[in-house]
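Undergrad: File follows, model25.cif with mmCIF, C-alpha atoms:
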```cif
data_input
loop_
_atom_site.label_atom_id
_atom_site.label_comp_id
_atom_site.auth_asym_id
_atom_site.auth_seq_id
_atom_site.Cartn_x
_atom_site.Cartn_y
_atom_site.Cartn_z
CA MET A 1 83.82 83.99 64.92
CA SER A 2 82.05 84.00 68.29
CA TYR A 3 83.40 86.13 71.13
CA ARG A 4 83.03 86.30 74.88
CA LYS A 5 82.98 89.63 76.67
CA PHE A 6 83.75 90.09 80.36
CA ASN A 7 83.19 93.10 82.58
CA ALA A 8 83.81 93.15 86.33
CA ASP A 9 84.21 95.55 89.26
CA ASN A 10 87.87 95.88 88.25
CA LEU A 11 90.20 94.48 85.65
CA PHE A 12 93.88 93.72 86.20
CA ASP A 13 95.64 93.19 82.89
CA GLY A 14 98.85 91.63 84.23
CA TYR A 15 100.53 94.99 84.74
CA ARG A 16 98.00 97.40 86.21
CA PHE A 17 94.37 97.89 87.21
CA ARG A 18 92.19 99.19 84.38
CA GLY A 19 89.02 99.94 86.41
CA GLU A 20 85.43 98.82 86.09
CA GLY A 21 84.65 100.56 82.80
CA GLN A 22 86.60 98.09 80.64
CA VAL A 23 85.49 94.95 78.82
CA LEU A 24 87.82 92.04 78.11
CA ILE A 25 87.08 90.36 74.77
CA THR A 26 88.25 86.86 73.83
CA ASP A 27 87.45 84.27 71.25
CA LYS A 28 85.74 81.08 72.40
CA THR A 29 89.10 79.42 73.17
CA GLY A 30 90.16 82.24 75.49
CA LYS A 31 92.60 83.96 73.12
CA ILE A 32 92.68 87.67 73.90
CA SER A 33 91.15 89.94 71.28
CA GLY A 34 91.39 93.19 73.23
CA ILE A 35 90.20 95.42 76.05
CA VAL A 36 87.71 98.13 75.16
CA PRO A 37 85.53 100.65 77.04
CA VAL A 38 82.06 99.43 77.99
CA ALA A 39 80.52 101.90 75.55
CA GLU A 40 82.32 100.23 72.64
CA ALA A 41 81.75 96.60 73.63
CA GLY A 42 78.30 96.11 72.16
CA ASP A 43 75.87 93.43 73.34
CA GLY A 44 76.46 90.18 75.17
CA VAL A 45 78.74 91.47 77.92
CA GLU A 46 78.95 89.17 80.96
CA LYS A 47 78.78 91.34 84.10
CA LEU A 48 80.69 89.82 87.03
CA GLU A 49 81.41 90.72 90.65
CA GLY A 50 85.09 90.77 91.54
CA ILE A 51 88.41 91.35 89.79
CA LEU A 52 89.27 89.93 86.38
CA SER A 53 92.88 88.77 86.10
CA PRO A 54 95.05 86.66 83.82
CA GLY A 55 95.53 83.09 85.05
CA PHE A 56 97.80 82.60 88.05
CA VAL A 57 101.32 81.18 87.86
CA ASN A 58 102.22 79.06 90.88
CA CYS A 59 106.01 79.00 90.90
CA HIS A 60 106.50 76.54 93.76
CA CYS A 61 104.47 73.47 94.68
CA HIS A 62 104.99 69.83 95.69
CA LEU A 63 101.96 68.17 94.12
CA GLU A 64 103.27 64.73 95.10
CA LEU A 65 102.87 65.61 98.82
CA SER A 66 99.13 66.27 98.54
CA HIS A 67 98.36 63.19 100.64
CA LEU A 68 99.94 64.96 103.64
CA LYS A 69 97.04 67.41 103.88
CA ASN A 70 96.22 67.92 107.60
CA VAL A 71 98.84 65.31 108.58
CA ILE A 72 101.58 67.61 109.87
CA PRO A 73 100.30 70.20 112.36
CA PRO A 74 101.12 73.88 111.80
CA HIS A 75 103.80 75.86 113.63
CA THR A 76 106.14 72.94 114.34
CA GLY A 77 109.18 74.82 113.04
CA LEU A 78 111.10 73.75 109.97
CA ILE A 79 113.34 71.07 111.50
CA GLU A 80 110.44 69.14 113.02
CA PHE A 81 108.43 69.68 109.83
CA LEU A 82 111.17 68.14 107.66
CA CYS A 83 111.54 65.18 110.01
CA SER A 84 107.78 64.60 109.71
CA VAL A 85 107.82 64.78 105.90
CA VAL A 86 110.69 62.28 105.73
CA THR A 87 109.07 59.81 108.13
CA LYS A 88 105.42 60.10 107.00
CA ARG A 89 105.65 59.39 103.29
CA ASP A 90 104.72 55.69 103.44
CA PHE A 91 101.11 55.96 102.27
CA ASP A 92 99.02 53.66 100.11
CA PRO A 93 99.81 54.45 96.43
CA THR A 94 96.11 54.59 95.57
CA ALA A 95 95.50 57.21 98.26
CA ILE A 96 98.52 59.23 97.06
CA LYS A 97 97.19 59.21 93.49
CA GLN A 98 93.70 60.25 94.59
CA GLU A 99 95.00 63.21 96.59
CA ILE A 100 97.25 64.30 93.71
CA GLU A 101 94.23 64.26 91.38
CA LYS A 102 92.15 66.33 93.84
CA ALA A 103 94.92 68.89 94.31
CA GLU A 104 95.50 69.27 90.56
CA LYS A 105 91.77 69.81 90.04
CA GLU A 106 91.66 72.38 92.84
CA MET A 107 94.51 74.40 91.31
CA TYR A 108 92.94 74.28 87.85
CA GLN A 109 89.54 75.40 89.11
CA ASN A 110 90.90 78.31 91.14
CA GLY A 111 92.70 79.70 88.10
CA ILE A 112 96.27 78.39 88.21
CA VAL A 113 97.49 77.94 84.63
CA ALA A 114 101.16 77.03 85.17
CA VAL A 115 103.11 75.44 88.02
CA GLY A 116 106.75 75.04 88.92
CA ASP A 117 106.39 71.69 90.67
CA ILE A 118 108.88 69.77 92.80
CA GLY A 119 109.02 65.99 92.71
CA ASN A 120 111.42 63.42 94.18
CA THR A 121 109.40 60.71 92.44
CA ALA A 122 107.30 60.42 89.27
CA ASP A 123 104.08 59.90 91.25
CA THR A 124 102.51 62.94 89.56
CA ALA A 125 103.52 62.04 86.00
CA GLY A 126 100.22 60.39 85.05
CA VAL A 127 98.01 63.21 86.31
CA LYS A 128 100.18 65.87 84.69
CA SER A 129 100.24 64.13 81.31
CA THR A 130 96.55 64.98 80.70
CA SER A 131 96.32 68.10 82.87
CA GLU A 132 95.30 71.41 81.28
CA ILE A 133 97.88 73.17 83.45
CA ARG A 134 101.41 73.78 82.15
CA TRP A 135 104.06 72.09 84.28
CA GLN A 136 107.71 72.86 84.86
CA ASN A 137 108.79 69.67 86.62
CA PHE A 138 111.65 70.22 89.03
CA VAL A 139 113.02 66.71 89.62
CA GLU A 140 114.52 67.27 93.03
CA VAL A 141 117.85 65.66 93.87
CA LEU A 142 118.90 64.73 97.40
CA GLY A 143 122.55 63.81 97.81
CA PHE A 144 124.23 64.29 101.18
CA THR A 145 127.65 62.86 100.34
CA ASP A 146 130.15 63.12 97.50
CA GLU A 147 130.66 59.34 97.58
CA LYS A 148 127.14 58.69 96.27
CA ALA A 149 126.83 61.80 94.09
CA GLU A 150 126.92 60.06 90.71
CA GLU A 151 124.67 57.22 91.90
CA ASN A 152 122.10 59.72 93.16
CA ILE A 153 122.19 61.79 89.97
CA ASN A 154 121.65 58.68 87.86
CA HIS A 155 118.66 57.70 89.99
CA TYR A 156 116.98 61.07 89.56
CA LYS A 157 117.70 61.02 85.84
CA THR A 158 115.46 57.94 85.64
CA VAL A 159 112.70 59.92 87.38
CA LEU A 160 113.16 62.77 84.90
CA THR A 161 112.96 60.32 81.99
CA GLU A 162 109.74 58.86 83.40
CA PHE A 163 108.12 62.30 83.41
CA GLN A 164 109.17 62.90 79.81
CA ASN A 165 108.11 59.47 78.56
CA THR A 166 104.75 59.52 80.34
CA TRP A 167 103.78 62.87 78.84
CA GLN A 168 104.95 61.91 75.35
CA SER A 169 103.11 58.59 75.47
CA VAL A 170 99.68 60.22 75.77
CA PRO A 171 97.72 60.58 72.49
CA ASP A 172 97.76 64.09 71.07
CA ASP A 173 94.05 64.65 71.66
CA ARG A 174 94.42 63.89 75.39
CA ARG A 175 97.88 65.24 76.14
CA GLY A 176 98.12 68.37 78.26
CA PRO A 177 99.90 71.54 77.15
CA ILE A 178 103.63 72.21 77.37
CA GLN A 179 105.57 70.27 80.00
CA ARG A 180 109.28 70.57 80.84
CA SER A 181 111.46 68.60 83.25
CA THR A 182 114.87 69.35 84.74
CA LEU A 183 117.04 68.20 87.64
CA VAL A 184 117.28 70.60 90.60
CA PRO A 185 118.95 70.57 94.01
CA HIS A 186 116.69 70.21 97.04
CA ALA A 187 118.39 72.50 99.56
CA PRO A 188 121.84 73.56 100.81
CA TYR A 189 121.53 71.09 103.70
CA SER A 190 120.94 68.08 101.43
CA ILE A 191 123.36 68.54 98.51
CA SER A 192 127.07 67.75 98.71
CA PRO A 193 129.66 69.83 96.80
CA LYS A 194 130.14 67.17 94.11
CA THR A 195 126.38 66.77 93.73
CA PHE A 196 126.09 70.53 93.20
CA GLU A 197 128.78 70.31 90.52
CA LEU A 198 127.01 67.46 88.71
CA ILE A 199 123.70 69.32 88.78
CA ASN A 200 125.44 72.41 87.41
CA ASP A 201 126.79 70.34 84.51
CA GLU A 202 123.34 68.83 83.81
CA THR A 203 121.41 72.13 83.80
CA GLU A 204 123.16 74.55 81.45
CA GLY A 205 120.70 77.30 80.50
CA ALA A 206 117.87 75.56 82.38
CA ILE A 207 115.32 76.79 84.90
CA ILE A 208 116.12 75.29 88.31
CA SER A 209 115.08 75.85 91.91
CA ILE A 210 116.47 75.45 95.43
CA HIS A 211 114.92 75.86 98.87
CA ASN A 212 116.81 78.80 100.34
CA GLN A 213 117.36 79.98 103.94
CA GLU A 214 114.12 78.72 105.43
CA HIS A 215 115.65 78.54 108.92
CA PRO A 216 118.59 80.16 110.74
CA ALA A 217 120.11 76.69 111.27
CA GLU A 218 120.93 76.59 107.55
CA ASP A 219 123.51 79.34 107.94
CA VAL A 220 124.74 77.87 111.24
CA LEU A 221 125.42 74.58 109.43
CA TYR A 222 127.80 76.19 106.95
CA LYS A 223 129.36 78.59 109.43
CA THR A 224 130.05 76.06 112.22
CA GLY A 225 129.13 72.51 111.12
CA GLY A 226 126.53 72.30 113.88
CA GLY A 227 122.95 73.35 114.54
CA GLY A 228 119.46 71.96 114.25
CA TYR A 229 119.89 70.10 110.97
CA LEU A 230 121.99 67.45 112.70
CA LYS A 231 118.68 66.03 113.98
CA LEU A 232 117.48 65.59 110.39
CA PHE A 233 120.75 63.99 109.32
CA LYS A 234 120.41 61.30 112.00
CA ILE A 235 117.27 60.02 110.28
CA PHE A 236 119.48 59.27 107.27
CA GLY A 237 122.14 57.61 109.44
CA ILE A 238 124.52 60.59 109.27
CA ASP A 239 126.07 61.46 112.65
CA GLN A 240 127.72 64.75 111.75
CA SER A 241 127.45 67.40 109.07
CA PRO A 242 128.75 66.09 105.73
CA PHE A 243 129.09 69.63 104.38
CA PRO A 244 132.17 71.88 104.35
CA VAL A 245 132.45 74.54 107.03
CA THR A 246 132.86 77.68 104.93
CA LYS A 247 132.25 80.24 107.69
CA LYS A 248 129.87 81.90 105.24
CA SER A 249 126.10 81.84 104.90
CA SER A 250 124.57 78.88 103.09
CA LEU A 251 123.72 81.02 100.06
CA GLN A 252 127.24 82.42 99.77
CA SER A 253 128.54 78.85 100.05
CA TYR A 254 126.39 77.15 97.40
CA LEU A 255 125.45 79.78 94.79
CA PRO A 256 128.99 79.85 93.26
CA HIS A 257 128.45 76.21 92.24
CA PHE A 258 126.18 77.52 89.45
CA THR A 259 128.10 78.83 86.46
CA LYS A 260 126.17 77.84 83.32
CA GLY A 261 123.57 80.53 82.71
CA GLN A 262 120.77 78.95 84.71
CA THR A 263 117.64 80.71 85.88
CA VAL A 264 117.68 79.94 89.61
CA PHE A 265 114.49 80.08 91.68
CA LEU A 266 115.37 80.83 95.31
CA ILE A 267 112.43 79.43 97.25
CA HIS A 268 111.04 80.76 100.57
CA ASN A 269 113.95 83.00 101.67
CA THR A 270 112.31 83.31 105.08
CA PHE A 271 115.55 84.13 106.91
CA MET A 272 117.52 85.66 104.03
CA PRO A 273 119.48 88.71 105.24
CA GLU A 274 119.80 91.79 103.07
CA GLU A 275 123.56 91.24 102.67
CA ASP A 276 122.85 87.91 100.98
CA ILE A 277 120.37 89.53 98.58
CA VAL A 278 123.14 91.94 97.60
CA PHE A 279 125.64 89.08 97.22
CA ALA A 280 123.25 86.94 95.18
CA ASN A 281 122.27 89.71 92.78
CA GLN A 282 125.88 90.74 92.24
CA TYR A 283 127.04 87.15 91.69
CA ALA A 284 124.22 86.55 89.20
CA ALA A 285 124.99 89.73 87.26
CA GLU A 286 128.69 88.91 87.05
CA ASN A 287 128.21 85.24 86.10
CA GLY A 288 125.30 85.23 83.68
CA LEU A 289 122.63 83.81 85.98
CA LYS A 290 119.04 84.96 86.38
CA LEU A 291 117.62 84.92 89.91
CA VAL A 292 113.96 84.58 90.83
CA TYR A 293 112.81 85.06 94.42
CA CYS A 294 109.75 82.92 95.16
CA LEU A 295 107.59 83.80 98.17
CA CYS A 296 105.29 81.19 99.74
CA ALA A 297 103.67 83.27 102.47
CA ASN A 298 101.11 80.81 103.79
CA ALA A 299 103.64 77.97 103.95
CA ASN A 300 105.97 80.23 105.93
CA LEU A 301 103.12 81.02 108.31
CA TYR A 302 102.14 77.34 108.51
CA ILE A 303 105.63 76.10 109.37
CA GLU A 304 107.47 78.92 111.17
CA ASN A 305 104.69 81.50 111.66
CA LYS A 306 107.13 84.00 110.15
CA LEU A 307 107.38 85.84 106.84
CA PRO A 308 110.40 87.06 104.86
CA ALA A 309 111.33 90.75 104.92
CA ILE A 310 109.65 91.34 101.56
CA GLU A 311 110.56 95.04 101.56
CA ASN A 312 114.23 94.07 101.16
CA PHE A 313 113.54 92.16 97.95
CA ILE A 314 111.56 95.07 96.55
CA ALA A 315 114.28 97.55 97.54
CA HIS A 316 116.86 95.56 95.58
CA ASP A 317 114.65 95.23 92.49
CA CYS A 318 114.42 91.44 92.76
CA HIS A 319 112.33 89.37 90.37
CA ILE A 320 109.58 88.25 92.77
CA VAL A 321 107.04 85.48 92.15
CA LEU A 322 104.57 83.54 94.29
CA GLY A 323 104.07 79.88 95.18
CA THR A 324 101.73 77.84 97.34
CA ASP A 325 104.15 75.11 98.43
CA SER A 326 102.35 71.81 99.17
CA TYR A 327 99.47 70.47 101.19
CA SER A 328 102.00 69.29 103.74
CA SER A 329 102.58 72.95 104.61
CA ASN A 330 99.51 74.91 103.55
CA TRP A 331 95.79 74.99 104.21
CA GLN A 332 94.97 75.31 100.49
CA LEU A 333 96.64 75.58 97.07
CA SER A 334 95.39 79.06 96.19
CA ILE A 335 97.40 81.94 94.77
CA ALA A 336 94.53 84.28 95.67
CA LYS A 337 95.07 83.31 99.32
CA GLU A 338 98.81 83.99 98.94
CA ILE A 339 98.00 87.48 97.63
CA GLN A 340 95.57 87.98 100.50
CA SER A 341 98.14 87.05 103.15
CA ILE A 342 100.89 89.25 101.74
CA HIS A 343 98.46 92.17 101.48
CA GLN A 344 97.34 91.59 105.07
CA TYR A 345 100.84 91.50 106.55
CA PHE A 346 102.39 94.06 104.18
CA PRO A 347 99.60 96.58 103.50
CA GLN A 348 102.19 99.10 102.29
CA ILE A 349 102.91 96.95 99.20
CA GLN A 350 100.67 97.93 96.30
CA LEU A 351 98.17 95.25 95.28
CA GLU A 352 99.16 95.82 91.65
CA ASN A 353 102.68 94.69 92.50
CA ILE A 354 101.53 91.53 94.28
CA LEU A 355 99.24 90.67 91.37
CA GLN A 356 102.14 91.16 88.95
CA TRP A 357 104.14 88.63 90.97
CA SER A 358 101.32 86.10 90.54
CA THR A 359 100.80 86.66 86.81
CA ILE A 360 103.28 88.30 84.41
CA GLN A 361 106.28 87.94 86.73
CA GLY A 362 105.61 84.23 87.21
CA ALA A 363 105.09 83.74 83.47
CA ARG A 364 108.39 85.49 82.72
CA ALA A 365 110.24 83.45 85.32
CA LEU A 366 109.02 80.20 83.77
CA GLN A 367 109.60 81.63 80.28
CA TRP A 368 105.98 81.25 79.22
CA ASP A 369 105.18 84.96 78.97
CA ASP A 370 104.67 84.62 75.21
CA GLU A 371 101.32 82.99 76.05
CA LEU A 372 100.63 83.59 79.73
CA GLY A 373 100.66 86.32 82.34
CA SER A 374 98.81 89.25 80.75
CA PHE A 375 95.79 90.25 78.71
CA GLU A 376 97.74 91.13 75.58
CA LYS A 377 96.23 90.50 72.16
CA GLY A 378 96.95 87.02 70.86
CA LYS A 379 97.82 85.48 74.22
CA THR A 380 95.77 82.72 75.87
CA PRO A 381 96.62 83.38 79.53
CA GLY A 382 93.51 82.00 81.17
CA ILE A 383 90.96 84.25 82.84
CA VAL A 384 90.38 84.30 86.59
CA LEU A 385 87.70 86.00 88.63
CA ILE A 386 89.00 86.97 92.07
CA GLN A 387 86.82 87.90 95.02
CA PRO A 388 87.39 91.53 96.08
CA ASP A 389 88.89 90.41 99.42
CA PHE A 390 91.07 87.75 97.70
CA SER A 391 89.44 85.01 99.76
CA ASN A 392 88.69 82.95 96.67
CA SER A 393 89.10 82.77 92.90
CA LYS A 394 87.68 80.73 90.05
CA ARG A 395 88.72 80.02 86.50
CA LEU A 396 86.41 81.41 83.79
CA LEU A 397 88.41 80.26 80.75
#
```
Give the structure from this file in structure tokens form.
TA:
Amino acid sequence: MSYRKFNADNLFDGYRFRGEGQVLITDKTGKISGIVPVAEAGDGVEKLEGILSPGFVNCHCHLELSHLKNVIPPHTGLIEFLCSVVTKRDFDPTAIKQEIEKAEKEMYQNGIVAVGDIGNTADTAGVKSTSEIRWQNFVEVLGFTDEKAEENINHYKTVLTEFQNTWQSVPDDRRGPIQRSTLVPHAPYSISPKTFELINDETEGAIISIHNQEHPAEDVLYKTGGGGYLKLFKIFGIDQSPFPVTKKSSLQSYLPHFTKGQTVFLIHNTFMPEEDIVFANQYAAENGLKLVYCLCANANLYIENKLPAIENFIAHDCHIVLGTDSYSSNWQLSIAKEIQSIHQYFPQIQLENILQWSTIQGARALQWDDELGSFEKGKTPGIVLIQPDFSNSKRLL
């Protein structure tokens, strides 16, 4: 059997840095054989500049919005951003497909091996069916009113079926690796109570996601029935908030809808107060849920020019992962750049921790840690070479 041997300035194994004196050994397919000292590695060691790491796990993306690259200017604020996304989606289908293909290729080349990807449509199904990336498809439901809840759910079920059928229709020798699809709610400001209940019934034991507390207006909506989201609703012909006034935060209002052992990805959390972290973790522990807190630093900077209070999530021992969000709200689709930004703005957080969020923690969240996330013998996690300043990364295997 032929082997490949990699040595770099440093080696991160998914859990910790191992230093420059270690050699990563794999078979020709990338399956991990072991990590040994340089003195024991023998001949044929490839010497590289940078940091060796397992492949990245991107836990939040919208591949289908890749055609919006450079369309929406940065720092508009979330409400204006959402209005732009809703009103600027009428692009030529050929152009949409081309941009999806380019974005998928970019993520593959920079070392992303698995993605939790949002889609309101099945526009990405064809590209994903032959992609070498693993995909957790989050088929995102929008349903503002109870009256249309069942109709909306049935529509998005057809999208989910299209993802499944497209992947299964590809010949075995061309089909990409594992792909899963599940229904998920978009956000607290776009899902009615009955729609939440139907999604809960459809997702027992599943991995789901929801955009959480990206803007203070989200809590205002549930506490008062007013606020900035009324502008968004008008685009859909809704003159007043269709959601119940609970006098609680949005998270405390919607999370109790989930009761069936789901793993729930809370996405962004830009304006999530510490009291809601405490509430969420306690509710999850008492009701058999697993919570994952996904940070998308560069998207937060792009839209609001603000970052979550990451120290609060660490203090409460939250399961943290990273995402890039989409080209509608980011300058690139690079987990290395996400690591770089968090390290820049939160230099007190250990780099080892941030790298864990992008590798083993992401793999565990998506339940692919049997194969991905760390350089443990027998795994095939992908191998990434990261520039020392985290300005770039490239896939080696």
Undergrad: So that I can check the surroundings of Lys148 (chain A), please list as a ChimeraX atom specification every protein, DNA and RNA residue that reaches within 10 Å of it, counting only C-alpha atoms and ignoring chain neighbours fewer than 3 positions away.
TA: /A:143-145,151-153,192,194-195
Undergrad: Looking at all atoms listed in the file, which of A:Ser374, A:Asn137, A:Ser2, A:Thr76 is the one that sits closest to Lys306 (chain A)?
TA: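 Of A:Ser374, A:Asn137, A:Ser2, A:Thr76, the one nearest Lys306 (chain A), counting all atoms listed in the file, is A:Thr76.
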Undergrad: Go through the shown structure with the PyMOL selection byres ((chain A and resi 118) around 9) and write out the matching residues as a VMD selection string.
TA: chain A and resid 60 to 64 116 to 117 119 to 120 136 to 140 184 186 209
Undergrad: Export, as a compact mmCIF listing (two decimals), in the frame of the given file, the selected residues with C-alpha atoms.
TA:
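Done, and the output landed in part.txt:
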```
# COMPACT_ATOMS: atom_id res chain seq x y z
CA HIS A 60 106.50 76.54 93.76
CA CYS A 61 104.47 73.47 94.68
CA HIS A 62 104.99 69.83 95.69
CA LEU A 63 101.96 68.17 94.12
CA GLU A 64 103.27 64.73 95.10
CA GLY A 116 106.75 75.04 88.92
CA ASP A 117 106.39 71.69 90.67
CA GLY A 119 109.02 65.99 92.71
CA ASN A 120 111.42 63.42 94.18
CA GLN A 136 107.71 72.86 84.86
CA ASN A 137 108.79 69.67 86.62
CA PHE A 138 111.65 70.22 89.03
CA VAL A 139 113.02 66.71 89.62
CA GLU A 140 114.52 67.27 93.03
CA VAL A 184 117.28 70.60 90.60
CA HIS A 186 116.69 70.21 97.04
CA SER A 209 115.08 75.85 91.91
```
Undergrad: Using all atoms listed in the file, find the one residue out of A:Ala103, A:Ile72, A:Ile238, A:Ala297 that sits nearest to Ile342 (chain A).
TA: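 Of the candidates, the smallest distance to Ile342 (chain A) is held by A:Ala297.
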Undergrad: Taking the file as shown, find all residues satisfying the PyMOL selection byres ((chain A and resi 11-14) around 8) and write them as number ranges by chain.
TA: A: 7-10, 15-20, 22, 51-54, 352, 355-356, 359-360, 373-376
Undergrad: Figure out the distance between CA of His215 (chain A) and CA of Lys231 (chain A), please, to one decimal in Å.
TA: 13.8 Å
Undergrad: Between CA of Asn330 (chain A) and CA of Leu255 (chain A), what is the spacing in Å?
TA: 27.8 Å
Undergrad: Looking at only C-alpha atoms, which of A:Gln109, A:Gln367, A:Gln98, A:Asn298 is the one that sits closest to Gly205 (chain A)?
TA: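 Closest to Gly205 (chain A), using only C-alpha atoms: A:Gln367.
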Undergrad: Mind completing region 68-82 of chain A with N, CA and C atoms? Output as a PDB file, in the coordinates of the input, please?
TA:
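Output file out.pdb is given in full below:
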```pdb
ATOM      1  N   LEU A  68      99.579  64.529 102.281  1.00  0.00           N
ATOM      2  CA  LEU A  68      99.940  64.960 103.640  1.00  0.00           C
ATOM      3  C   LEU A  68      99.061  66.100 104.134  1.00  0.00           C
ATOM      4  N   LYS A  69      97.973  66.371 103.437  1.00  0.00           N
ATOM      5  CA  LYS A  69      97.040  67.410 103.880  1.00  0.00           C
ATOM      6  C   LYS A  69      96.527  67.082 105.283  1.00  0.00           C
ATOM      7  N   ASN A  70      96.678  68.033 106.198  1.00  0.00           N
ATOM      8  CA  ASN A  70      96.220  67.920 107.600  1.00  0.00           C
ATOM      9  C   ASN A  70      96.953  66.825 108.389  1.00  0.00           C
ATOM     10  N   VAL A  71      98.069  66.335 107.864  1.00  0.00           N
ATOM     11  CA  VAL A  71      98.840  65.310 108.580  1.00  0.00           C
ATOM     12  C   VAL A  71      99.855  65.934 109.522  1.00  0.00           C
ATOM     13  N   ILE A  72     100.572  66.938 109.056  1.00  0.00           N
ATOM     14  CA  ILE A  72     101.580  67.610 109.870  1.00  0.00           C
ATOM     15  C   ILE A  72     100.973  68.872 110.463  1.00  0.00           C
ATOM     16  N   PRO A  73     100.935  69.019 111.765  1.00  0.00           N
ATOM     17  CA  PRO A  73     100.300  70.200 112.360  1.00  0.00           C
ATOM     18  C   PRO A  73     101.084  71.467 112.059  1.00  0.00           C
ATOM     19  N   PRO A  74     100.411  72.621 112.053  1.00  0.00           N
ATOM     20  CA  PRO A  74     101.120  73.880 111.800  1.00  0.00           C
ATOM     21  C   PRO A  74     102.010  74.289 112.963  1.00  0.00           C
ATOM     22  N   HIS A  75     102.946  75.187 112.651  1.00  0.00           N
ATOM     23  CA  HIS A  75     103.800  75.860 113.630  1.00  0.00           C
ATOM     24  C   HIS A  75     104.736  74.909 114.380  1.00  0.00           C
ATOM     25  N   THR A  76     105.180  73.851 113.710  1.00  0.00           N
ATOM     26  CA  THR A  76     106.140  72.940 114.340  1.00  0.00           C
ATOM     27  C   THR A  76     107.566  73.479 114.267  1.00  0.00           C
ATOM     28  N   GLY A  77     107.818  74.424 113.362  1.00  0.00           N
ATOM     29  CA  GLY A  77     109.180  74.820 113.040  1.00  0.00           C
ATOM     30  C   GLY A  77     109.723  73.928 111.943  1.00  0.00           C
ATOM     31  N   LEU A  78     110.665  74.446 111.179  1.00  0.00           N
ATOM     32  CA  LEU A  78     111.100  73.750 109.970  1.00  0.00           C
ATOM     33  C   LEU A  78     111.759  72.409 110.245  1.00  0.00           C
ATOM     34  N   ILE A  79     112.609  72.324 111.266  1.00  0.00           N
ATOM     35  CA  ILE A  79     113.340  71.070 111.500  1.00  0.00           C
ATOM     36  C   ILE A  79     112.367  69.934 111.801  1.00  0.00           C
ATOM     37  N   GLU A  80     111.437  70.171 112.701  1.00  0.00           N
ATOM     38  CA  GLU A  80     110.440  69.140 113.020  1.00  0.00           C
ATOM     39  C   GLU A  80     109.569  68.840 111.809  1.00  0.00           C
ATOM     40  N   PHE A  81     109.241  69.879 111.036  1.00  0.00           N
ATOM     41  CA  PHE A  81     108.430  69.680 109.830  1.00  0.00           C
ATOM     42  C   PHE A  81     109.140  68.735 108.856  1.00  0.00           C
ATOM     43  N   LEU A  82     110.415  68.987 108.596  1.00  0.00           N
ATOM     44  CA  LEU A  82     111.170  68.140 107.660  1.00  0.00           C
ATOM     45  C   LEU A  82     111.261  66.702 108.155  1.00  0.00           C
TER      46      LEU A  82
END
```
